[in-house]
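Asks: So I've got this file, model-v6.cif, and it contains mmCIF, N, CA and C atoms:
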```cif
data_query
#
loop_
_atom_site.label_atom_id
_atom_site.label_comp_id
_atom_site.auth_asym_id
_atom_site.auth_seq_id
_atom_site.Cartn_x
_atom_site.Cartn_y
_atom_site.Cartn_z
N MET A 1 12.58 237.76 69.94
CA MET A 1 13.65 238.63 70.37
C MET A 1 13.61 238.83 71.89
N LYS A 2 12.38 238.99 72.42
CA LYS A 2 12.22 239.20 73.84
C LYS A 2 12.73 237.97 74.62
N ASN A 3 12.45 236.76 74.11
CA ASN A 3 12.91 235.54 74.78
C ASN A 3 14.43 235.44 74.80
N ILE A 4 15.06 235.90 73.73
CA ILE A 4 16.52 235.87 73.67
C ILE A 4 17.10 236.82 74.72
N LEU A 5 16.50 238.00 74.84
CA LEU A 5 16.96 238.98 75.82
C LEU A 5 16.79 238.44 77.24
N ILE A 6 15.67 237.82 77.53
CA ILE A 6 15.43 237.24 78.86
C ILE A 6 16.44 236.14 79.14
N ALA A 7 16.70 235.28 78.16
CA ALA A 7 17.67 234.21 78.33
C ALA A 7 19.06 234.78 78.59
N PHE A 8 19.42 235.83 77.88
CA PHE A 8 20.73 236.47 78.08
C PHE A 8 20.86 237.03 79.49
N VAL A 9 19.82 237.72 79.96
CA VAL A 9 19.83 238.30 81.30
C VAL A 9 19.95 237.20 82.35
N LEU A 10 19.21 236.11 82.20
CA LEU A 10 19.28 235.00 83.16
C LEU A 10 20.66 234.36 83.17
N LEU A 11 21.25 234.19 82.00
CA LEU A 11 22.59 233.62 81.93
C LEU A 11 23.63 234.54 82.57
N THR A 12 23.45 235.84 82.39
CA THR A 12 24.36 236.81 82.99
C THR A 12 24.29 236.73 84.51
N PHE A 13 23.07 236.70 85.05
CA PHE A 13 22.93 236.59 86.50
C PHE A 13 23.46 235.26 87.01
N ALA A 14 23.25 234.20 86.29
CA ALA A 14 23.76 232.88 86.69
C ALA A 14 25.28 232.89 86.71
N ALA A 15 25.90 233.56 85.76
CA ALA A 15 27.36 233.62 85.69
C ALA A 15 27.92 234.41 86.87
N CYS A 16 27.16 235.37 87.39
CA CYS A 16 27.62 236.18 88.51
C CYS A 16 27.25 235.57 89.86
N SER A 17 26.49 234.51 89.84
CA SER A 17 26.04 233.88 91.07
C SER A 17 27.22 233.35 91.87
N SER A 18 27.10 233.40 93.20
CA SER A 18 28.17 232.89 94.05
C SER A 18 28.33 231.39 93.89
N LYS A 19 27.34 230.71 93.34
CA LYS A 19 27.45 229.27 93.15
C LYS A 19 28.53 228.91 92.15
N THR A 20 28.94 229.84 91.30
CA THR A 20 30.00 229.55 90.35
C THR A 20 31.37 229.60 91.02
N TYR A 21 31.43 230.12 92.23
CA TYR A 21 32.70 230.22 92.93
C TYR A 21 32.60 229.48 94.26
N PRO A 22 33.12 228.26 94.31
CA PRO A 22 32.97 227.46 95.53
C PRO A 22 33.68 228.04 96.74
N ASP A 23 34.61 228.98 96.53
CA ASP A 23 35.31 229.56 97.66
C ASP A 23 34.38 230.31 98.61
N THR A 24 33.17 230.67 98.15
CA THR A 24 32.22 231.30 99.06
C THR A 24 31.82 230.31 100.15
N ASN A 25 31.87 229.02 99.86
CA ASN A 25 31.61 227.99 100.87
C ASN A 25 32.83 227.78 101.76
N TRP A 26 33.97 228.30 101.36
CA TRP A 26 35.22 228.11 102.11
C TRP A 26 35.46 229.25 103.08
N ASP A 27 34.70 230.34 102.98
CA ASP A 27 34.94 231.54 103.80
C ASP A 27 35.11 231.21 105.27
N GLY A 28 36.23 231.67 105.82
CA GLY A 28 36.47 231.53 107.25
C GLY A 28 36.86 230.14 107.71
N LYS A 29 36.77 229.16 106.85
CA LYS A 29 37.14 227.79 107.21
C LYS A 29 38.65 227.65 107.21
N GLN A 30 39.18 227.05 108.25
CA GLN A 30 40.62 226.78 108.28
C GLN A 30 40.87 225.46 107.58
N TRP A 31 41.55 225.53 106.43
CA TRP A 31 41.94 224.34 105.68
C TRP A 31 43.37 223.99 106.11
N THR A 32 43.50 222.95 106.91
CA THR A 32 44.80 222.56 107.46
C THR A 32 45.53 221.61 106.51
N VAL A 33 46.80 221.87 106.29
CA VAL A 33 47.62 221.02 105.41
C VAL A 33 47.86 219.68 106.12
N VAL A 34 47.46 218.60 105.45
CA VAL A 34 47.67 217.26 106.02
C VAL A 34 48.63 216.43 105.17
N GLU A 35 48.92 216.94 103.96
CA GLU A 35 49.85 216.22 103.08
C GLU A 35 50.44 217.21 102.08
N ILE A 36 51.74 217.11 101.87
CA ILE A 36 52.41 217.95 100.89
C ILE A 36 53.32 217.06 100.05
N LEU A 37 53.10 217.09 98.74
CA LEU A 37 53.85 216.27 97.79
C LEU A 37 53.85 214.80 98.21
N ASN A 38 52.65 214.30 98.57
CA ASN A 38 52.41 212.90 98.97
C ASN A 38 53.08 212.51 100.28
N VAL A 39 53.54 213.48 101.07
CA VAL A 39 54.15 213.19 102.37
C VAL A 39 53.21 213.71 103.46
N PRO A 40 52.76 212.84 104.39
CA PRO A 40 51.88 213.30 105.47
C PRO A 40 52.54 214.38 106.32
N VAL A 41 51.72 215.31 106.80
CA VAL A 41 52.19 216.41 107.63
C VAL A 41 51.63 216.21 109.04
N GLN A 42 52.48 216.27 110.04
CA GLN A 42 52.03 216.14 111.42
C GLN A 42 51.29 217.42 111.81
N THR A 43 50.12 217.26 112.39
CA THR A 43 49.33 218.42 112.82
C THR A 43 49.06 218.32 114.32
N ALA A 44 48.83 219.47 114.94
CA ALA A 44 48.55 219.54 116.37
C ALA A 44 47.10 219.93 116.64
N GLY A 45 46.36 220.24 115.57
CA GLY A 45 44.98 220.68 115.75
C GLY A 45 44.88 222.09 116.28
N SER A 46 45.87 222.92 115.98
CA SER A 46 45.86 224.30 116.47
C SER A 46 46.01 225.29 115.32
N ARG A 47 45.90 226.57 115.63
CA ARG A 47 46.07 227.62 114.62
C ARG A 47 47.52 227.72 114.17
N GLU A 48 48.43 227.02 114.83
CA GLU A 48 49.83 227.03 114.45
C GLU A 48 50.13 226.04 113.32
N ASP A 49 49.20 225.12 113.07
CA ASP A 49 49.39 224.19 111.95
C ASP A 49 49.41 224.98 110.64
N ALA A 50 50.13 224.48 109.65
CA ALA A 50 50.11 225.11 108.33
C ALA A 50 48.68 225.04 107.80
N HIS A 51 48.14 226.19 107.41
CA HIS A 51 46.75 226.23 106.96
C HIS A 51 46.49 227.45 106.08
N LEU A 52 45.34 227.39 105.41
CA LEU A 52 44.85 228.49 104.58
C LEU A 52 43.43 228.84 105.01
N ILE A 53 43.10 230.12 104.95
CA ILE A 53 41.74 230.61 105.15
C ILE A 53 41.44 231.55 103.99
N PHE A 54 40.33 231.31 103.29
CA PHE A 54 39.96 232.09 102.11
C PHE A 54 38.93 233.16 102.47
N ASP A 55 39.07 234.34 101.88
CA ASP A 55 38.10 235.42 101.99
C ASP A 55 37.60 235.69 100.57
N SER A 56 36.43 235.11 100.24
CA SER A 56 35.95 235.19 98.86
C SER A 56 35.54 236.60 98.45
N SER A 57 35.11 237.43 99.40
CA SER A 57 34.69 238.79 99.02
C SER A 57 35.88 239.63 98.59
N GLU A 58 37.04 239.39 99.16
CA GLU A 58 38.24 240.14 98.83
C GLU A 58 39.18 239.38 97.90
N LYS A 59 38.89 238.09 97.67
CA LYS A 59 39.77 237.21 96.88
C LYS A 59 41.17 237.20 97.50
N MET A 60 41.20 237.11 98.83
CA MET A 60 42.45 237.07 99.57
C MET A 60 42.51 235.79 100.40
N MET A 61 43.72 235.34 100.62
CA MET A 61 43.99 234.16 101.42
C MET A 61 44.89 234.59 102.57
N SER A 62 44.69 233.99 103.73
CA SER A 62 45.59 234.19 104.86
C SER A 62 45.79 232.83 105.51
N GLY A 63 46.68 232.77 106.46
CA GLY A 63 46.90 231.50 107.13
C GLY A 63 48.21 231.47 107.86
N ASN A 64 48.76 230.27 107.95
CA ASN A 64 50.00 230.04 108.66
C ASN A 64 50.83 229.06 107.86
N GLY A 65 52.12 229.34 107.77
CA GLY A 65 53.01 228.45 107.03
C GLY A 65 53.65 227.39 107.90
N GLY A 66 53.25 227.34 109.16
CA GLY A 66 53.86 226.43 110.12
C GLY A 66 54.59 227.20 111.20
N CYS A 67 54.90 228.44 110.91
CA CYS A 67 55.55 229.34 111.88
C CYS A 67 55.08 230.77 111.64
N ASN A 68 55.25 231.24 110.43
CA ASN A 68 54.90 232.61 110.07
C ASN A 68 53.48 232.71 109.54
N ARG A 69 52.88 233.88 109.75
CA ARG A 69 51.59 234.16 109.13
C ARG A 69 51.82 234.42 107.65
N ILE A 70 50.91 233.92 106.83
CA ILE A 70 51.02 234.13 105.38
C ILE A 70 49.76 234.82 104.87
N PHE A 71 49.86 235.46 103.70
CA PHE A 71 48.74 236.19 103.13
C PHE A 71 49.01 236.42 101.65
N GLY A 72 47.94 236.59 100.90
CA GLY A 72 48.09 236.88 99.49
C GLY A 72 46.75 236.79 98.77
N SER A 73 46.79 237.06 97.50
CA SER A 73 45.58 237.02 96.69
C SER A 73 45.46 235.66 96.00
N TYR A 74 44.27 235.40 95.51
CA TYR A 74 44.05 234.19 94.72
C TYR A 74 42.97 234.47 93.69
N GLU A 75 42.91 233.61 92.69
CA GLU A 75 41.92 233.75 91.63
C GLU A 75 41.39 232.38 91.26
N ILE A 76 40.07 232.26 91.25
CA ILE A 76 39.42 231.02 90.81
C ILE A 76 38.74 231.31 89.49
N GLU A 77 38.94 230.41 88.52
CA GLU A 77 38.31 230.56 87.22
C GLU A 77 37.56 229.27 86.90
N LYS A 78 37.07 229.19 85.70
CA LYS A 78 36.33 228.00 85.25
C LYS A 78 37.22 226.77 85.25
N LYS A 79 36.58 225.63 85.23
CA LYS A 79 37.25 224.32 85.16
C LYS A 79 38.20 224.10 86.33
N ASN A 80 37.75 224.54 87.53
CA ASN A 80 38.50 224.31 88.77
C ASN A 80 39.90 224.88 88.75
N SER A 81 40.08 225.97 88.06
CA SER A 81 41.38 226.65 88.00
C SER A 81 41.55 227.52 89.25
N LEU A 82 42.71 227.42 89.89
CA LEU A 82 43.03 228.21 91.07
C LEU A 82 44.50 228.62 90.99
N ARG A 83 44.72 229.91 91.16
CA ARG A 83 46.10 230.43 91.18
C ARG A 83 46.24 231.40 92.33
N PHE A 84 47.38 231.33 92.99
CA PHE A 84 47.71 232.28 94.04
C PHE A 84 48.57 233.38 93.45
N GLY A 85 48.34 234.61 93.91
CA GLY A 85 49.18 235.73 93.51
C GLY A 85 50.44 235.73 94.38
N GLU A 86 51.05 236.90 94.51
CA GLU A 86 52.22 237.02 95.39
C GLU A 86 51.81 236.65 96.81
N ILE A 87 52.60 235.82 97.44
CA ILE A 87 52.32 235.41 98.82
C ILE A 87 53.35 236.06 99.73
N GLY A 88 52.85 236.79 100.71
CA GLY A 88 53.72 237.42 101.69
C GLY A 88 53.71 236.63 102.99
N ALA A 89 54.71 236.86 103.81
CA ALA A 89 54.80 236.17 105.10
C ALA A 89 55.56 237.03 106.09
N THR A 90 55.19 236.89 107.35
CA THR A 90 56.00 237.50 108.39
C THR A 90 57.33 236.75 108.42
N ARG A 91 58.32 237.27 109.08
CA ARG A 91 59.66 236.65 109.03
C ARG A 91 60.22 236.40 110.43
N MET A 92 59.51 235.55 111.19
CA MET A 92 60.03 235.17 112.49
C MET A 92 61.03 234.03 112.32
N ALA A 93 61.97 233.92 113.23
CA ALA A 93 62.92 232.80 113.20
C ALA A 93 62.17 231.54 113.61
N CYS A 94 62.33 230.48 112.82
CA CYS A 94 61.59 229.25 113.05
C CYS A 94 62.51 228.04 112.99
N GLN A 95 62.16 227.03 113.77
CA GLN A 95 62.93 225.79 113.73
C GLN A 95 62.65 225.00 112.46
N ASP A 96 61.40 225.12 111.95
CA ASP A 96 61.02 224.30 110.80
C ASP A 96 60.92 225.14 109.52
N SER A 97 61.89 226.00 109.31
CA SER A 97 61.89 226.84 108.11
C SER A 97 61.88 226.05 106.81
N PRO A 98 62.60 224.91 106.71
CA PRO A 98 62.57 224.15 105.46
C PRO A 98 61.16 223.71 105.07
N PHE A 99 60.34 223.28 106.05
CA PHE A 99 58.96 222.89 105.74
C PHE A 99 58.18 224.09 105.23
N GLU A 100 58.26 225.20 105.94
CA GLU A 100 57.51 226.38 105.55
C GLU A 100 57.94 226.87 104.17
N ASN A 101 59.22 226.88 103.90
CA ASN A 101 59.70 227.30 102.58
C ASN A 101 59.16 226.38 101.49
N LYS A 102 59.12 225.08 101.75
CA LYS A 102 58.59 224.11 100.78
C LYS A 102 57.10 224.36 100.55
N PHE A 103 56.36 224.58 101.64
CA PHE A 103 54.93 224.86 101.56
C PHE A 103 54.67 226.08 100.69
N LEU A 104 55.39 227.17 100.91
CA LEU A 104 55.20 228.39 100.13
C LEU A 104 55.59 228.17 98.66
N GLU A 105 56.63 227.40 98.44
CA GLU A 105 57.06 227.08 97.07
C GLU A 105 55.99 226.27 96.35
N VAL A 106 55.42 225.28 97.04
CA VAL A 106 54.39 224.43 96.44
C VAL A 106 53.13 225.24 96.14
N LEU A 107 52.78 226.18 97.01
CA LEU A 107 51.60 227.03 96.75
C LEU A 107 51.72 227.76 95.42
N LYS A 108 52.94 228.16 95.07
CA LYS A 108 53.15 228.87 93.80
C LYS A 108 52.86 227.98 92.60
N SER A 109 52.92 226.65 92.79
CA SER A 109 52.70 225.70 91.70
C SER A 109 51.24 225.31 91.53
N VAL A 110 50.37 225.75 92.43
CA VAL A 110 48.96 225.36 92.36
C VAL A 110 48.31 225.97 91.12
N ARG A 111 47.59 225.12 90.38
CA ARG A 111 46.86 225.57 89.19
C ARG A 111 45.39 225.13 89.21
N TYR A 112 45.08 224.08 89.98
CA TYR A 112 43.72 223.53 90.02
C TYR A 112 43.36 223.13 91.45
N TYR A 113 42.07 223.00 91.68
CA TYR A 113 41.60 222.53 92.98
C TYR A 113 40.49 221.50 92.76
N GLN A 114 40.25 220.71 93.79
CA GLN A 114 39.13 219.77 93.80
C GLN A 114 38.71 219.61 95.25
N VAL A 115 37.42 219.65 95.50
CA VAL A 115 36.91 219.39 96.84
C VAL A 115 36.30 218.00 96.80
N ASN A 116 36.77 217.14 97.71
CA ASN A 116 36.33 215.75 97.70
C ASN A 116 36.23 215.24 99.13
N ALA A 117 35.02 214.90 99.55
CA ALA A 117 34.77 214.31 100.87
C ALA A 117 35.42 215.12 102.00
N GLY A 118 35.21 216.43 101.99
CA GLY A 118 35.73 217.28 103.05
C GLY A 118 37.21 217.63 102.93
N GLU A 119 37.83 217.24 101.84
CA GLU A 119 39.23 217.57 101.60
C GLU A 119 39.34 218.55 100.45
N LEU A 120 40.27 219.49 100.57
CA LEU A 120 40.59 220.41 99.49
C LEU A 120 41.90 219.92 98.89
N LEU A 121 41.84 219.47 97.65
CA LEU A 121 43.02 218.96 96.95
C LEU A 121 43.51 220.05 96.01
N LEU A 122 44.75 220.47 96.19
CA LEU A 122 45.35 221.47 95.32
C LEU A 122 46.32 220.76 94.38
N LYS A 123 46.19 221.09 93.09
CA LYS A 123 46.92 220.35 92.06
C LYS A 123 47.82 221.27 91.25
N ASN A 124 48.86 220.69 90.68
CA ASN A 124 49.77 221.45 89.82
C ASN A 124 49.24 221.46 88.38
N GLY A 125 50.04 221.96 87.45
CA GLY A 125 49.64 222.06 86.05
C GLY A 125 49.39 220.72 85.39
N ASP A 126 49.97 219.65 85.92
CA ASP A 126 49.74 218.30 85.40
C ASP A 126 48.53 217.64 86.06
N LYS A 127 47.83 218.41 86.91
CA LYS A 127 46.66 217.96 87.66
C LYS A 127 47.00 216.84 88.65
N LYS A 128 48.23 216.87 89.15
CA LYS A 128 48.63 215.95 90.21
C LYS A 128 48.45 216.66 91.54
N VAL A 129 47.93 215.94 92.54
CA VAL A 129 47.72 216.53 93.86
C VAL A 129 49.08 216.84 94.49
N ILE A 130 49.27 218.11 94.86
CA ILE A 130 50.53 218.52 95.50
C ILE A 130 50.30 218.97 96.95
N LEU A 131 49.05 219.29 97.27
CA LEU A 131 48.69 219.65 98.65
C LEU A 131 47.32 219.07 98.97
N LYS A 132 47.20 218.47 100.14
CA LYS A 132 45.92 217.97 100.61
C LYS A 132 45.62 218.68 101.91
N LEU A 133 44.43 219.31 101.99
CA LEU A 133 44.03 220.06 103.16
C LEU A 133 42.69 219.54 103.66
N GLN A 134 42.50 219.62 104.97
CA GLN A 134 41.21 219.22 105.57
C GLN A 134 40.70 220.32 106.45
#
```
When written as structure tokens, how does the structure in this file appear?
Replies:
Amino acid sequence: MKNILIAFVLLTFAACSSKTYPDTNWDGKQWTVVEILNVPVQTAGSREDAHLIFDSSEKMMSGNGGCNRIFGSYEIEKKNSLRFGEIGATRMACQDSPFENKFLEVLKSVRYYQVNAGELLLKNGDKKVILKLQ
């Protein structure tokens, strides 16, 4: 009985470990959008590029949509499941509003993630890559 209790306690701590949530490795990193719906995105290497920054302690995301600042919540679950909550944005007038609107629309479709060779791949419900970030 004692061994079962010890095993249960160890499993509980393992389940709460930050290793189960890879976003702790993403904290503060700027993930820049380099491809959306299989179309390459031109980047300038600046904070103005469309990007996401994750805050794992708050389960919040912030970033830039290409013009406006964006922010919102997210949730990571088992089996590489990732969902964004309501995403808010500032509302400055922008020349590239169609791109930003598409980016925000695509974020709503994210259901899964995969990290591969320094890239964050965000996938839809069919597990097709819809956003590629570096």
Asks: Hey, can you check how far atom CA of Glu100 of chain A sits from atom CA of Ala50 of chain A?
Replies: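 It comes out at 8.0 Å.
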Asks: Please, which residues are within 5 Å of (36.6, 228.1, 102.7) by the file's coordinates, counting all atoms listed in the file, and could they come as a PyMOL selection string?
Replies: chain A and resi 25-29+54
Asks: Could you turn the residues from that selection into a file that holds N, CA and C atoms, as a short mmCIF file (atom, residue, chain, number, x, y, z; two decimals), in the frame of the given file?
Replies:
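Once written, again.cif looks like this:
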```
data_model
loop_
_atom_site.label_atom_id
_atom_site.label_comp_id
_atom_site.auth_asym_id
_atom_site.auth_seq_id
_atom_site.Cartn_x
_atom_site.Cartn_y
_atom_site.Cartn_z
N ASN A 25 31.87 229.02 99.86
CA ASN A 25 31.61 227.99 100.87
C ASN A 25 32.83 227.78 101.76
N TRP A 26 33.97 228.30 101.36
CA TRP A 26 35.22 228.11 102.11
C TRP A 26 35.46 229.25 103.08
N ASP A 27 34.70 230.34 102.98
CA ASP A 27 34.94 231.54 103.80
C ASP A 27 35.11 231.21 105.27
N GLY A 28 36.23 231.67 105.82
CA GLY A 28 36.47 231.53 107.25
C GLY A 28 36.86 230.14 107.71
N LYS A 29 36.77 229.16 106.85
CA LYS A 29 37.14 227.79 107.21
C LYS A 29 38.65 227.65 107.21
N PHE A 54 40.33 231.31 103.29
CA PHE A 54 39.96 232.09 102.11
C PHE A 54 38.93 233.16 102.47
#
```
Asks: Could you write out as a PDB file with N, CA and C atoms, in the coordinates of the input the residues that the PyMOL selection byres ((chain A and resi 108) around 8) matches in the shown file?
Replies:
```pdb
ATOM      1  N   ARG A  83      44.720 229.910  91.160  1.00  0.00           N
ATOM      2  CA  ARG A  83      46.100 230.430  91.180  1.00  0.00           C
ATOM      3  C   ARG A  83      46.240 231.400  92.330  1.00  0.00           C
ATOM      4  N   PHE A  84      47.380 231.330  92.990  1.00  0.00           N
ATOM      5  CA  PHE A  84      47.710 232.280  94.040  1.00  0.00           C
ATOM      6  C   PHE A  84      48.570 233.380  93.450  1.00  0.00           C
ATOM      7  N   GLY A  85      48.340 234.610  93.910  1.00  0.00           N
ATOM      8  CA  GLY A  85      49.180 235.730  93.510  1.00  0.00           C
ATOM      9  C   GLY A  85      50.440 235.730  94.380  1.00  0.00           C
ATOM     10  N   ILE A  87      52.600 235.820  97.440  1.00  0.00           N
ATOM     11  CA  ILE A  87      52.320 235.410  98.820  1.00  0.00           C
ATOM     12  C   ILE A  87      53.350 236.060  99.730  1.00  0.00           C
ATOM     13  N   LYS A 102      59.120 225.080 101.750  1.00  0.00           N
ATOM     14  CA  LYS A 102      58.590 224.110 100.780  1.00  0.00           C
ATOM     15  C   LYS A 102      57.100 224.360 100.550  1.00  0.00           C
ATOM     16  N   PHE A 103      56.360 224.580 101.640  1.00  0.00           N
ATOM     17  CA  PHE A 103      54.930 224.860 101.560  1.00  0.00           C
ATOM     18  C   PHE A 103      54.670 226.080 100.690  1.00  0.00           C
ATOM     19  N   LEU A 104      55.390 227.170 100.910  1.00  0.00           N
ATOM     20  CA  LEU A 104      55.200 228.390 100.130  1.00  0.00           C
ATOM     21  C   LEU A 104      55.590 228.170  98.660  1.00  0.00           C
ATOM     22  N   GLU A 105      56.630 227.400  98.440  1.00  0.00           N
ATOM     23  CA  GLU A 105      57.060 227.080  97.070  1.00  0.00           C
ATOM     24  C   GLU A 105      55.990 226.270  96.350  1.00  0.00           C
ATOM     25  N   VAL A 106      55.420 225.280  97.040  1.00  0.00           N
ATOM     26  CA  VAL A 106      54.390 224.430  96.440  1.00  0.00           C
ATOM     27  C   VAL A 106      53.130 225.240  96.140  1.00  0.00           C
ATOM     28  N   LEU A 107      52.780 226.180  97.010  1.00  0.00           N
ATOM     29  CA  LEU A 107      51.600 227.030  96.750  1.00  0.00           C
ATOM     30  C   LEU A 107      51.720 227.760  95.420  1.00  0.00           C
ATOM     31  N   SER A 109      52.920 226.650  92.790  1.00  0.00           N
ATOM     32  CA  SER A 109      52.700 225.700  91.700  1.00  0.00           C
ATOM     33  C   SER A 109      51.240 225.310  91.530  1.00  0.00           C
ATOM     34  N   VAL A 110      50.370 225.750  92.430  1.00  0.00           N
ATOM     35  CA  VAL A 110      48.960 225.360  92.360  1.00  0.00           C
ATOM     36  C   VAL A 110      48.310 225.970  91.120  1.00  0.00           C
ATOM     37  N   ARG A 111      47.590 225.120  90.380  1.00  0.00           N
ATOM     38  CA  ARG A 111      46.860 225.570  89.190  1.00  0.00           C
ATOM     39  C   ARG A 111      45.390 225.130  89.210  1.00  0.00           C
ATOM     40  N   ASN A 124      48.860 220.690  90.680  1.00  0.00           N
ATOM     41  CA  ASN A 124      49.770 221.450  89.820  1.00  0.00           C
ATOM     42  C   ASN A 124      49.240 221.460  88.380  1.00  0.00           C
TER      43      ASN A 124
END
```
Asks: In terms of the shortest atom-to-atom distance over only N, CA and C atoms, which of A:Ala89, A:Ile36, A:Val115, A:Leu122 is closest to Arg69 of chain A?
Replies: A:Ala89
Asks: Would you kindly translate the PyMOL selection byres (((chain A and resi 35 and name CA) around 8) and name CA) into the concrete residues it picks from this file, as a list of chain:residue names?
Replies: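 Output of the PyMOL selection byres (((chain A and resi 35 and name CA) around 8) and name CA): A:Val33, A:Val34, A:Ile36, A:Leu37, A:Asn38, A:Val39, A:Pro40, A:Val41, A:Ile130, A:Leu131, A:Lys132, A:Leu133.
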Asks: Tell me, which residues of chain A carry DSSP helix (DSSP H, G or I), written as a short mmCIF file (atom, residue, chain, number, x, y, z; two decimals) with N, CA and C atoms, in the coordinates of the input?
Replies:
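Result file follows (out-v3.cif):
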```
data_model
loop_
_atom_site.label_atom_id
_atom_site.label_comp_id
_atom_site.auth_asym_id
_atom_site.auth_seq_id
_atom_site.Cartn_x
_atom_site.Cartn_y
_atom_site.Cartn_z
N LYS A 2 12.38 238.99 72.42
CA LYS A 2 12.22 239.20 73.84
C LYS A 2 12.73 237.97 74.62
N ASN A 3 12.45 236.76 74.11
CA ASN A 3 12.91 235.54 74.78
C ASN A 3 14.43 235.44 74.80
N ILE A 4 15.06 235.90 73.73
CA ILE A 4 16.52 235.87 73.67
C ILE A 4 17.10 236.82 74.72
N LEU A 5 16.50 238.00 74.84
CA LEU A 5 16.96 238.98 75.82
C LEU A 5 16.79 238.44 77.24
N ILE A 6 15.67 237.82 77.53
CA ILE A 6 15.43 237.24 78.86
C ILE A 6 16.44 236.14 79.14
N ALA A 7 16.70 235.28 78.16
CA ALA A 7 17.67 234.21 78.33
C ALA A 7 19.06 234.78 78.59
N PHE A 8 19.42 235.83 77.88
CA PHE A 8 20.73 236.47 78.08
C PHE A 8 20.86 237.03 79.49
N VAL A 9 19.82 237.72 79.96
CA VAL A 9 19.83 238.30 81.30
C VAL A 9 19.95 237.20 82.35
N LEU A 10 19.21 236.11 82.20
CA LEU A 10 19.28 235.00 83.16
C LEU A 10 20.66 234.36 83.17
N LEU A 11 21.25 234.19 82.00
CA LEU A 11 22.59 233.62 81.93
C LEU A 11 23.63 234.54 82.57
N THR A 12 23.45 235.84 82.39
CA THR A 12 24.36 236.81 82.99
C THR A 12 24.29 236.73 84.51
N PHE A 13 23.07 236.70 85.05
CA PHE A 13 22.93 236.59 86.50
C PHE A 13 23.46 235.26 87.01
N ALA A 14 23.25 234.20 86.29
CA ALA A 14 23.76 232.88 86.69
C ALA A 14 25.28 232.89 86.71
N ALA A 15 25.90 233.56 85.76
CA ALA A 15 27.36 233.62 85.69
C ALA A 15 27.92 234.41 86.87
N CYS A 16 27.16 235.37 87.39
CA CYS A 16 27.62 236.18 88.51
C CYS A 16 27.25 235.57 89.86
N SER A 18 27.10 233.40 93.20
CA SER A 18 28.17 232.89 94.05
C SER A 18 28.33 231.39 93.89
N LYS A 19 27.34 230.71 93.34
CA LYS A 19 27.45 229.27 93.15
C LYS A 19 28.53 228.91 92.15
N THR A 20 28.94 229.84 91.30
CA THR A 20 30.00 229.55 90.35
C THR A 20 31.37 229.60 91.02
N PRO A 22 33.12 228.26 94.31
CA PRO A 22 32.97 227.46 95.53
C PRO A 22 33.68 228.04 96.74
N ASP A 23 34.61 228.98 96.53
CA ASP A 23 35.31 229.56 97.66
C ASP A 23 34.38 230.31 98.61
N THR A 24 33.17 230.67 98.15
CA THR A 24 32.22 231.30 99.06
C THR A 24 31.82 230.31 100.15
N ASN A 25 31.87 229.02 99.86
CA ASN A 25 31.61 227.99 100.87
C ASN A 25 32.83 227.78 101.76
N SER A 97 61.89 226.00 109.31
CA SER A 97 61.89 226.84 108.11
C SER A 97 61.88 226.05 106.81
N PRO A 98 62.60 224.91 106.71
CA PRO A 98 62.57 224.15 105.46
C PRO A 98 61.16 223.71 105.07
N PHE A 99 60.34 223.28 106.05
CA PHE A 99 58.96 222.89 105.74
C PHE A 99 58.18 224.09 105.23
N GLU A 100 58.26 225.20 105.94
CA GLU A 100 57.51 226.38 105.55
C GLU A 100 57.94 226.87 104.17
N ASN A 101 59.22 226.88 103.90
CA ASN A 101 59.70 227.30 102.58
C ASN A 101 59.16 226.38 101.49
N LYS A 102 59.12 225.08 101.75
CA LYS A 102 58.59 224.11 100.78
C LYS A 102 57.10 224.36 100.55
N PHE A 103 56.36 224.58 101.64
CA PHE A 103 54.93 224.86 101.56
C PHE A 103 54.67 226.08 100.69
N LEU A 104 55.39 227.17 100.91
CA LEU A 104 55.20 228.39 100.13
C LEU A 104 55.59 228.17 98.66
N GLU A 105 56.63 227.40 98.44
CA GLU A 105 57.06 227.08 97.07
C GLU A 105 55.99 226.27 96.35
N VAL A 106 55.42 225.28 97.04
CA VAL A 106 54.39 224.43 96.44
C VAL A 106 53.13 225.24 96.14
N LEU A 107 52.78 226.18 97.01
CA LEU A 107 51.60 227.03 96.75
C LEU A 107 51.72 227.76 95.42
N LYS A 108 52.94 228.16 95.07
CA LYS A 108 53.15 228.87 93.80
C LYS A 108 52.86 227.98 92.60
#
```
Asks: Which residues, written as number ranges by chain, have at least one atom at most 10 Å from Met60 of chain A, with only C-alpha atoms counted and residues fewer than 4 positions away on the same chain left out?
Replies: A: 53-56, 71-75, 84-85
Asks: What would the file look like if the residues just selected were written as a short mmCIF file (atom, residue, chain, number, x, y, z; two decimals), in the frame of the given file with N, CA and C atoms?
Replies:
```cif
data_model
loop_
_atom_site.label_atom_id
_atom_site.label_comp_id
_atom_site.auth_asym_id
_atom_site.auth_seq_id
_atom_site.Cartn_x
_atom_site.Cartn_y
_atom_site.Cartn_z
N ILE A 53 43.10 230.12 104.95
CA ILE A 53 41.74 230.61 105.15
C ILE A 53 41.44 231.55 103.99
N PHE A 54 40.33 231.31 103.29
CA PHE A 54 39.96 232.09 102.11
C PHE A 54 38.93 233.16 102.47
N ASP A 55 39.07 234.34 101.88
CA ASP A 55 38.10 235.42 101.99
C ASP A 55 37.60 235.69 100.57
N SER A 56 36.43 235.11 100.24
CA SER A 56 35.95 235.19 98.86
C SER A 56 35.54 236.60 98.45
N PHE A 71 49.86 235.46 103.70
CA PHE A 71 48.74 236.19 103.13
C PHE A 71 49.01 236.42 101.65
N GLY A 72 47.94 236.59 100.90
CA GLY A 72 48.09 236.88 99.49
C GLY A 72 46.75 236.79 98.77
N SER A 73 46.79 237.06 97.50
CA SER A 73 45.58 237.02 96.69
C SER A 73 45.46 235.66 96.00
N TYR A 74 44.27 235.40 95.51
CA TYR A 74 44.05 234.19 94.72
C TYR A 74 42.97 234.47 93.69
N GLU A 75 42.91 233.61 92.69
CA GLU A 75 41.92 233.75 91.63
C GLU A 75 41.39 232.38 91.26
N PHE A 84 47.38 231.33 92.99
CA PHE A 84 47.71 232.28 94.04
C PHE A 84 48.57 233.38 93.45
N GLY A 85 48.34 234.61 93.91
CA GLY A 85 49.18 235.73 93.51
C GLY A 85 50.44 235.73 94.38
#
```
